[in-house]
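Asker: Okay, handing you the structure first.
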Amino acid sequence: MERDDLIEYSLDKHHSEEEGKKIRSKILKVTILLTLITVVEVALGAFIKQSADIWMYVKWTFIVLTLLKAGYIVMVFMHLGDEKKWMRNVILIPYALFIAYLIFIALWEALAVGDAWSSVAA
Amino acid sequence: MAGKTTQLDSKTLWGGKESPFQTSYGKLMMWFFLVSDALTFSGLLVAYGFVRHDTLGAWPIGEETFNSLPGLGHGYPLIYVALMTFILIVSSVTMVLAVEAGHRMDKKGVVKWMIATVIGGFFFLGSQVWEWSHFIHGSEFGRIELSDGSEAIVKGHFGEIESFTVVEAGLHHKKGDVVKEDLMHTFQHAAENGDIKAGGLIHLHDGSVAKIKKAHDHDMELTIKYTGSNSKRKIGDKISGKEAGKQYYASLYSGTPKVTYGAKWFEDGEHWLPTKNEYGPQQYAHFFFFITGFHGFHVFSGVMINILILFGAMKGTYHKRGHYEMVEKTGLYWHFVDLVWVFVFTFFYLV
């Protein structure tokens, strides 16, 4: 029996040569951006010592730049930016909430464990 | 009959036809798989963060641990990993170009970019092999315990060993023999066992004693990573100049030196995890191998899947189907592998 409830969405997702050109130039721009971010990260890591006073800021710069890179990869390369809004939310929100919680609880606990160790050592 | 019936039609209810996300089942499931895989990797990285935060003392610093290039030696902090990152980004780009070509039903384009993606994947895997091998073998100086019980890592240029000239005969070697093979390995092995003595004499396996001919070391600098209980030194202290070489070799020639090269896998045949490494705490090597290994396994399976899809595209399977969604789905997986590396790069190598 022919099923009428299956829809081939991919058949409607084709694009023309002109649209392709636009997409390709966007890909090129994102590539350059990702490369530049990596170069900046390596330069910061190689030239600023971890003992330096500004290391705390460098660390946060790394984290922000990493999230920026991840955002471009997910939104542009993985086309999540082109999907329906709620598909995006269903994927990103549960993940983000859970991981934010995990990072908070694990690192907080780790500091407490570290304190406990150092009081044993002292 | 009381009450009223509500008219249900496809305008008020989802009739089961058009999906709310307007995406195929396969793509959606690939996304859900990636979310679960992302949770796994996040768990690993958070566990790494936990151990790093609760460990007392010095955690290895990325730019000190990873500062070599193949064939060029030391002094290139993070350049090699940056190169690996770049390779993976580029292969992600060629993948997205393959997907774009698929949307134009350009079979040739898809095949071309898929080939490029597969090559990029193999390049990354090859780089990782070198990276692992280098991590396992370690630096030429190793990590050394100084006379006051503190431990230091060593930077600088290790003078090349040219030969061992036998001065006291043993089982195999006669007096006057010149050994020219496997020098570095023999040297490090002897160093670990305390078989290198003052004056540059090495005791070989067969009981012979040889004189080491070795070029001078340059620019040696010791960085204290662990302080003994009686040591006045602090973590991060540096010893450079002539004093560095003096301290290093005094310890190496002491007869009971504690020197560690790279990551040692097991000492007693019971431990199958790295039991010690020259970089820092044991867990550092555990996490290095597990996280980069798990990611490398993803890259490997990604390359295999990409090859299958490449064959499918070459055969024209997807062209006949009318769309290149399979390329898109594997593309999602491949980009995810790149995405994970971006985080590994930051949290393992940079921060």
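Chain labels A, B, ... are given in the sequence in which chains occur in the structure tokens; within each chain residues are numbered consecutively from 1, and ligands are likewise numbered from 1 in the order shown.
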Could you give me, as a JSON list (two decimals) with N, CA and C atoms, in the first residue's frame, each residue of stretch 3-82 of chain A that DSSP assigns to helix (DSSP H, G or I) when run on this structure's backbone?

Answerer:
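File part04.json, as written:
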[["chain", "number", "residue", "atom", "x", "y", "z"],
["A", 9, "TYR", "N", 10.98, 15.49, 2.83],
["A", 9, "TYR", "CA", 11.31, 16.90, 2.95],
["A", 9, "TYR", "C", 12.51, 17.27, 2.11],
["A", 10, "SER", "N", 13.42, 16.32, 1.97],
["A", 10, "SER", "CA", 14.68, 16.65, 1.29],
["A", 10, "SER", "C", 14.47, 16.99, -0.18],
["A", 11, "LEU", "N", 13.34, 16.54, -0.75],
["A", 11, "LEU", "CA", 13.10, 16.85, -2.16],
["A", 11, "LEU", "C", 12.85, 18.34, -2.36],
["A", 12, "ASP", "N", 12.37, 19.01, -1.29],
["A", 12, "ASP", "CA", 12.07, 20.45, -1.42],
["A", 12, "ASP", "C", 13.24, 21.32, -1.01],
["A", 17, "GLU", "N", 21.74, 27.46, -8.62],
["A", 17, "GLU", "CA", 23.16, 27.82, -8.73],
["A", 17, "GLU", "C", 23.45, 29.15, -8.05],
["A", 18, "GLU", "N", 22.55, 30.14, -8.23],
["A", 18, "GLU", "CA", 22.79, 31.47, -7.63],
["A", 18, "GLU", "C", 22.75, 31.39, -6.11],
["A", 19, "GLU", "N", 21.75, 30.68, -5.60],
["A", 19, "GLU", "CA", 21.67, 30.52, -4.14],
["A", 19, "GLU", "C", 22.90, 29.79, -3.63],
["A", 20, "GLY", "N", 23.34, 28.80, -4.41],
["A", 20, "GLY", "CA", 24.53, 28.04, -4.05],
["A", 20, "GLY", "C", 25.74, 28.94, -3.92],
["A", 21, "LYS", "N", 25.84, 29.90, -4.84],
["A", 21, "LYS", "CA", 26.97, 30.84, -4.81],
["A", 21, "LYS", "C", 26.97, 31.62, -3.50],
["A", 22, "LYS", "N", 25.79, 32.09, -3.12],
["A", 22, "LYS", "CA", 25.67, 32.86, -1.87],
["A", 22, "LYS", "C", 26.09, 31.99, -0.69],
["A", 23, "ILE", "N", 25.57, 30.75, -0.69],
["A", 23, "ILE", "CA", 25.90, 29.85, 0.43],
["A", 23, "ILE", "C", 27.39, 29.59, 0.49],
["A", 24, "ARG", "N", 28.00, 29.40, -0.69],
["A", 24, "ARG", "CA", 29.44, 29.12, -0.71],
["A", 24, "ARG", "C", 30.25, 30.29, -0.20],
["A", 25, "SER", "N", 29.82, 31.51, -0.54],
["A", 25, "SER", "CA", 30.60, 32.66, -0.07],
["A", 25, "SER", "C", 30.44, 32.79, 1.45],
["A", 26, "LYS", "N", 29.26, 32.41, 1.97],
["A", 26, "LYS", "CA", 29.08, 32.42, 3.42],
["A", 26, "LYS", "C", 30.01, 31.39, 4.08],
["A", 27, "ILE", "N", 30.09, 30.20, 3.46],
["A", 27, "ILE", "CA", 30.96, 29.15, 3.98],
["A", 27, "ILE", "C", 32.40, 29.64, 4.05],
["A", 28, "LEU", "N", 32.82, 30.33, 2.97],
["A", 28, "LEU", "CA", 34.19, 30.85, 2.91],
["A", 28, "LEU", "C", 34.43, 31.84, 4.05],
["A", 29, "LYS", "N", 33.46, 32.75, 4.25],
["A", 29, "LYS", "CA", 33.61, 33.75, 5.32],
["A", 29, "LYS", "C", 33.75, 33.07, 6.68],
["A", 30, "VAL", "N", 32.88, 32.08, 6.93],
["A", 30, "VAL", "CA", 32.93, 31.39, 8.23],
["A", 30, "VAL", "C", 34.26, 30.65, 8.40],
["A", 31, "THR", "N", 34.76, 30.06, 7.30],
["A", 31, "THR", "CA", 36.05, 29.37, 7.35],
["A", 31, "THR", "C", 37.16, 30.32, 7.79],
["A", 32, "ILE", "N", 37.19, 31.49, 7.17],
["A", 32, "ILE", "CA", 38.23, 32.47, 7.50],
["A", 32, "ILE", "C", 38.10, 32.89, 8.96],
["A", 33, "LEU", "N", 36.87, 33.12, 9.38],
["A", 33, "LEU", "CA", 36.63, 33.53, 10.76],
["A", 33, "LEU", "C", 37.11, 32.46, 11.76],
["A", 34, "LEU", "N", 36.75, 31.20, 11.49],
["A", 34, "LEU", "CA", 37.16, 30.11, 12.39],
["A", 34, "LEU", "C", 38.68, 30.00, 12.45],
["A", 35, "THR", "N", 39.33, 30.16, 11.29],
["A", 35, "THR", "CA", 40.79, 30.08, 11.26],
["A", 35, "THR", "C", 41.40, 31.22, 12.07],
["A", 36, "LEU", "N", 40.86, 32.43, 11.88],
["A", 36, "LEU", "CA", 41.38, 33.58, 12.62],
["A", 36, "LEU", "C", 41.24, 33.38, 14.12],
["A", 37, "ILE", "N", 40.07, 32.88, 14.54],
["A", 37, "ILE", "CA", 39.86, 32.65, 15.97],
["A", 37, "ILE", "C", 40.90, 31.67, 16.51],
["A", 38, "THR", "N", 41.15, 30.58, 15.73],
["A", 38, "THR", "CA", 42.14, 29.60, 16.17],
["A", 38, "THR", "C", 43.53, 30.23, 16.29],
["A", 39, "VAL", "N", 43.88, 31.07, 15.31],
["A", 39, "VAL", "CA", 45.19, 31.72, 15.35],
["A", 39, "VAL", "C", 45.30, 32.61, 16.59],
["A", 40, "VAL", "N", 44.25, 33.38, 16.88],
["A", 40, "VAL", "CA", 44.26, 34.24, 18.06],
["A", 40, "VAL", "C", 44.42, 33.40, 19.33],
["A", 41, "GLU", "N", 43.68, 32.29, 19.40],
["A", 41, "GLU", "CA", 43.76, 31.42, 20.57],
["A", 41, "GLU", "C", 45.17, 30.90, 20.79],
["A", 42, "VAL", "N", 45.78, 30.41, 19.70],
["A", 42, "VAL", "CA", 47.13, 29.85, 19.82],
["A", 42, "VAL", "C", 48.12, 30.94, 20.23],
["A", 43, "ALA", "N", 47.98, 32.14, 19.65],
["A", 43, "ALA", "CA", 48.88, 33.23, 19.99],
["A", 43, "ALA", "C", 48.77, 33.57, 21.47],
["A", 44, "LEU", "N", 47.53, 33.68, 21.96],
["A", 44, "LEU", "CA", 47.33, 33.97, 23.39],
["A", 44, "LEU", "C", 47.96, 32.88, 24.26],
["A", 45, "GLY", "N", 47.70, 31.61, 23.86],
["A", 45, "GLY", "CA", 48.21, 30.48, 24.64],
["A", 45, "GLY", "C", 49.72, 30.42, 24.64],
["A", 46, "ALA", "N", 50.34, 30.77, 23.51],
["A", 46, "ALA", "CA", 51.78, 30.63, 23.39],
["A", 46, "ALA", "C", 52.53, 31.79, 24.02],
["A", 47, "PHE", "N", 51.95, 32.99, 24.00],
["A", 47, "PHE", "CA", 52.71, 34.16, 24.44],
["A", 47, "PHE", "C", 52.40, 34.62, 25.85],
["A", 55, "TRP", "N", 46.03, 36.15, 33.26],
["A", 55, "TRP", "CA", 45.66, 34.83, 32.76],
["A", 55, "TRP", "C", 44.17, 34.53, 32.91],
["A", 56, "MET", "N", 43.60, 35.00, 34.01],
["A", 56, "MET", "CA", 42.16, 34.79, 34.26],
["A", 56, "MET", "C", 41.33, 35.32, 33.08],
["A", 57, "TYR", "N", 41.72, 36.50, 32.58],
["A", 57, "TYR", "CA", 40.97, 37.09, 31.46],
["A", 57, "TYR", "C", 41.21, 36.28, 30.18],
["A", 58, "VAL", "N", 42.47, 35.83, 30.03],
["A", 58, "VAL", "CA", 42.80, 35.03, 28.85],
["A", 58, "VAL", "C", 41.95, 33.76, 28.83],
["A", 59, "LYS", "N", 41.82, 33.15, 30.00],
["A", 59, "LYS", "CA", 41.04, 31.92, 30.14],
["A", 59, "LYS", "C", 39.60, 32.15, 29.69],
["A", 60, "TRP", "N", 39.02, 33.23, 30.18],
["A", 60, "TRP", "CA", 37.63, 33.52, 29.81],
["A", 60, "TRP", "C", 37.53, 33.88, 28.33],
["A", 61, "THR", "N", 38.58, 34.54, 27.80],
["A", 61, "THR", "CA", 38.58, 34.83, 26.36],
["A", 61, "THR", "C", 38.54, 33.53, 25.58],
["A", 62, "PHE", "N", 39.35, 32.54, 26.04],
["A", 62, "PHE", "CA", 39.34, 31.22, 25.37],
["A", 62, "PHE", "C", 37.94, 30.63, 25.35],
["A", 63, "ILE", "N", 37.28, 30.70, 26.50],
["A", 63, "ILE", "CA", 35.96, 30.07, 26.61],
["A", 63, "ILE", "C", 34.95, 30.78, 25.71],
["A", 64, "VAL", "N", 35.00, 32.12, 25.70],
["A", 64, "VAL", "CA", 34.08, 32.87, 24.84],
["A", 64, "VAL", "C", 34.35, 32.56, 23.37],
["A", 65, "LEU", "N", 35.65, 32.57, 22.99],
["A", 65, "LEU", "CA", 36.00, 32.30, 21.59],
["A", 65, "LEU", "C", 35.59, 30.89, 21.18],
["A", 66, "THR", "N", 35.74, 29.95, 22.12],
["A", 66, "THR", "CA", 35.35, 28.56, 21.83],
["A", 66, "THR", "C", 33.85, 28.45, 21.58],
["A", 67, "LEU", "N", 33.08, 29.14, 22.44],
["A", 67, "LEU", "CA", 31.63, 29.09, 22.26],
["A", 67, "LEU", "C", 31.23, 29.75, 20.94],
["A", 68, "LEU", "N", 31.96, 30.82, 20.58],
["A", 68, "LEU", "CA", 31.70, 31.49, 19.31],
["A", 68, "LEU", "C", 31.95, 30.54, 18.14],
["A", 69, "LYS", "N", 33.11, 29.85, 18.21],
["A", 69, "LYS", "CA", 33.45, 28.88, 17.17],
["A", 69, "LYS", "C", 32.38, 27.79, 17.09],
["A", 70, "ALA", "N", 32.01, 27.27, 18.27],
["A", 70, "ALA", "CA", 31.01, 26.20, 18.31],
["A", 70, "ALA", "C", 29.69, 26.70, 17.72],
["A", 71, "GLY", "N", 29.33, 27.94, 18.04],
["A", 71, "GLY", "CA", 28.10, 28.51, 17.51],
["A", 71, "GLY", "C", 28.11, 28.54, 16.00],
["A", 72, "TYR", "N", 29.22, 28.99, 15.42],
["A", 72, "TYR", "CA", 29.30, 29.05, 13.95],
["A", 72, "TYR", "C", 29.23, 27.65, 13.33],
["A", 73, "ILE", "N", 29.92, 26.69, 13.96],
["A", 73, "ILE", "CA", 29.89, 25.33, 13.41],
["A", 73, "ILE", "C", 28.47, 24.78, 13.44],
["A", 74, "VAL", "N", 27.79, 24.95, 14.59],
["A", 74, "VAL", "CA", 26.44, 24.37, 14.74],
["A", 74, "VAL", "C", 25.43, 25.10, 13.86],
["A", 75, "MET", "N", 25.49, 26.42, 13.87],
["A", 75, "MET", "CA", 24.46, 27.19, 13.17],
["A", 75, "MET", "C", 24.66, 27.20, 11.66],
["A", 76, "VAL", "N", 25.91, 27.30, 11.20],
["A", 76, "VAL", "CA", 26.15, 27.42, 9.76],
["A", 76, "VAL", "C", 26.50, 26.07, 9.13],
["A", 77, "PHE", "N", 27.55, 25.40, 9.66],
["A", 77, "PHE", "CA", 27.97, 24.14, 9.03],
["A", 77, "PHE", "C", 26.92, 23.05, 9.20],
["A", 80, "LEU", "N", 21.83, 24.27, 11.64],
["A", 80, "LEU", "CA", 20.78, 24.33, 12.66],
["A", 80, "LEU", "C", 20.09, 25.69, 12.62],
["A", 81, "GLY", "N", 20.83, 26.71, 12.18],
["A", 81, "GLY", "CA", 20.26, 28.04, 12.06],
["A", 81, "GLY", "C", 19.14, 28.10, 11.02],
["A", 82, "ASP", "N", 19.14, 27.15, 10.07],
["A", 82, "ASP", "CA", 18.13, 27.15, 9.01],
["A", 82, "ASP", "C", 16.93, 26.27, 9.34]]

Asker: Compute the set of chain B residues within 7 Å of chain A, using only C-alpha atoms, and express it as an NGL selection string.

Answerer: :B and (16-18 or 21-24 or 35 or 46 or 49-51 or 53-56 or 63 or 77-78 or 82 or 86 or 93 or 96 or 100 or 103-104 or 322-323 or 325 or 332 or 335 or 339 or 342-343 or 346 or 350-351)

Asker: I'd like the interatomic distance between atom CA of B:Ala38 and atom CA of B:Pro20, to a tenth of an Å.

Answerer: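 Distance reported for this atom pair: 24.1 Å.
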
Asker: Report as a PyMOL selection string all protein, DNA and RNA residues lying within 9 Å of stretch 140-154 of chain B, evaluated on only C-alpha atoms, omitting residues in the same chain fewer than 2 positions from it.

Answerer: chain B and resi 137-138+156-158+184+188+220-235+238+244+247-248+250-252+254+257-262+277-279
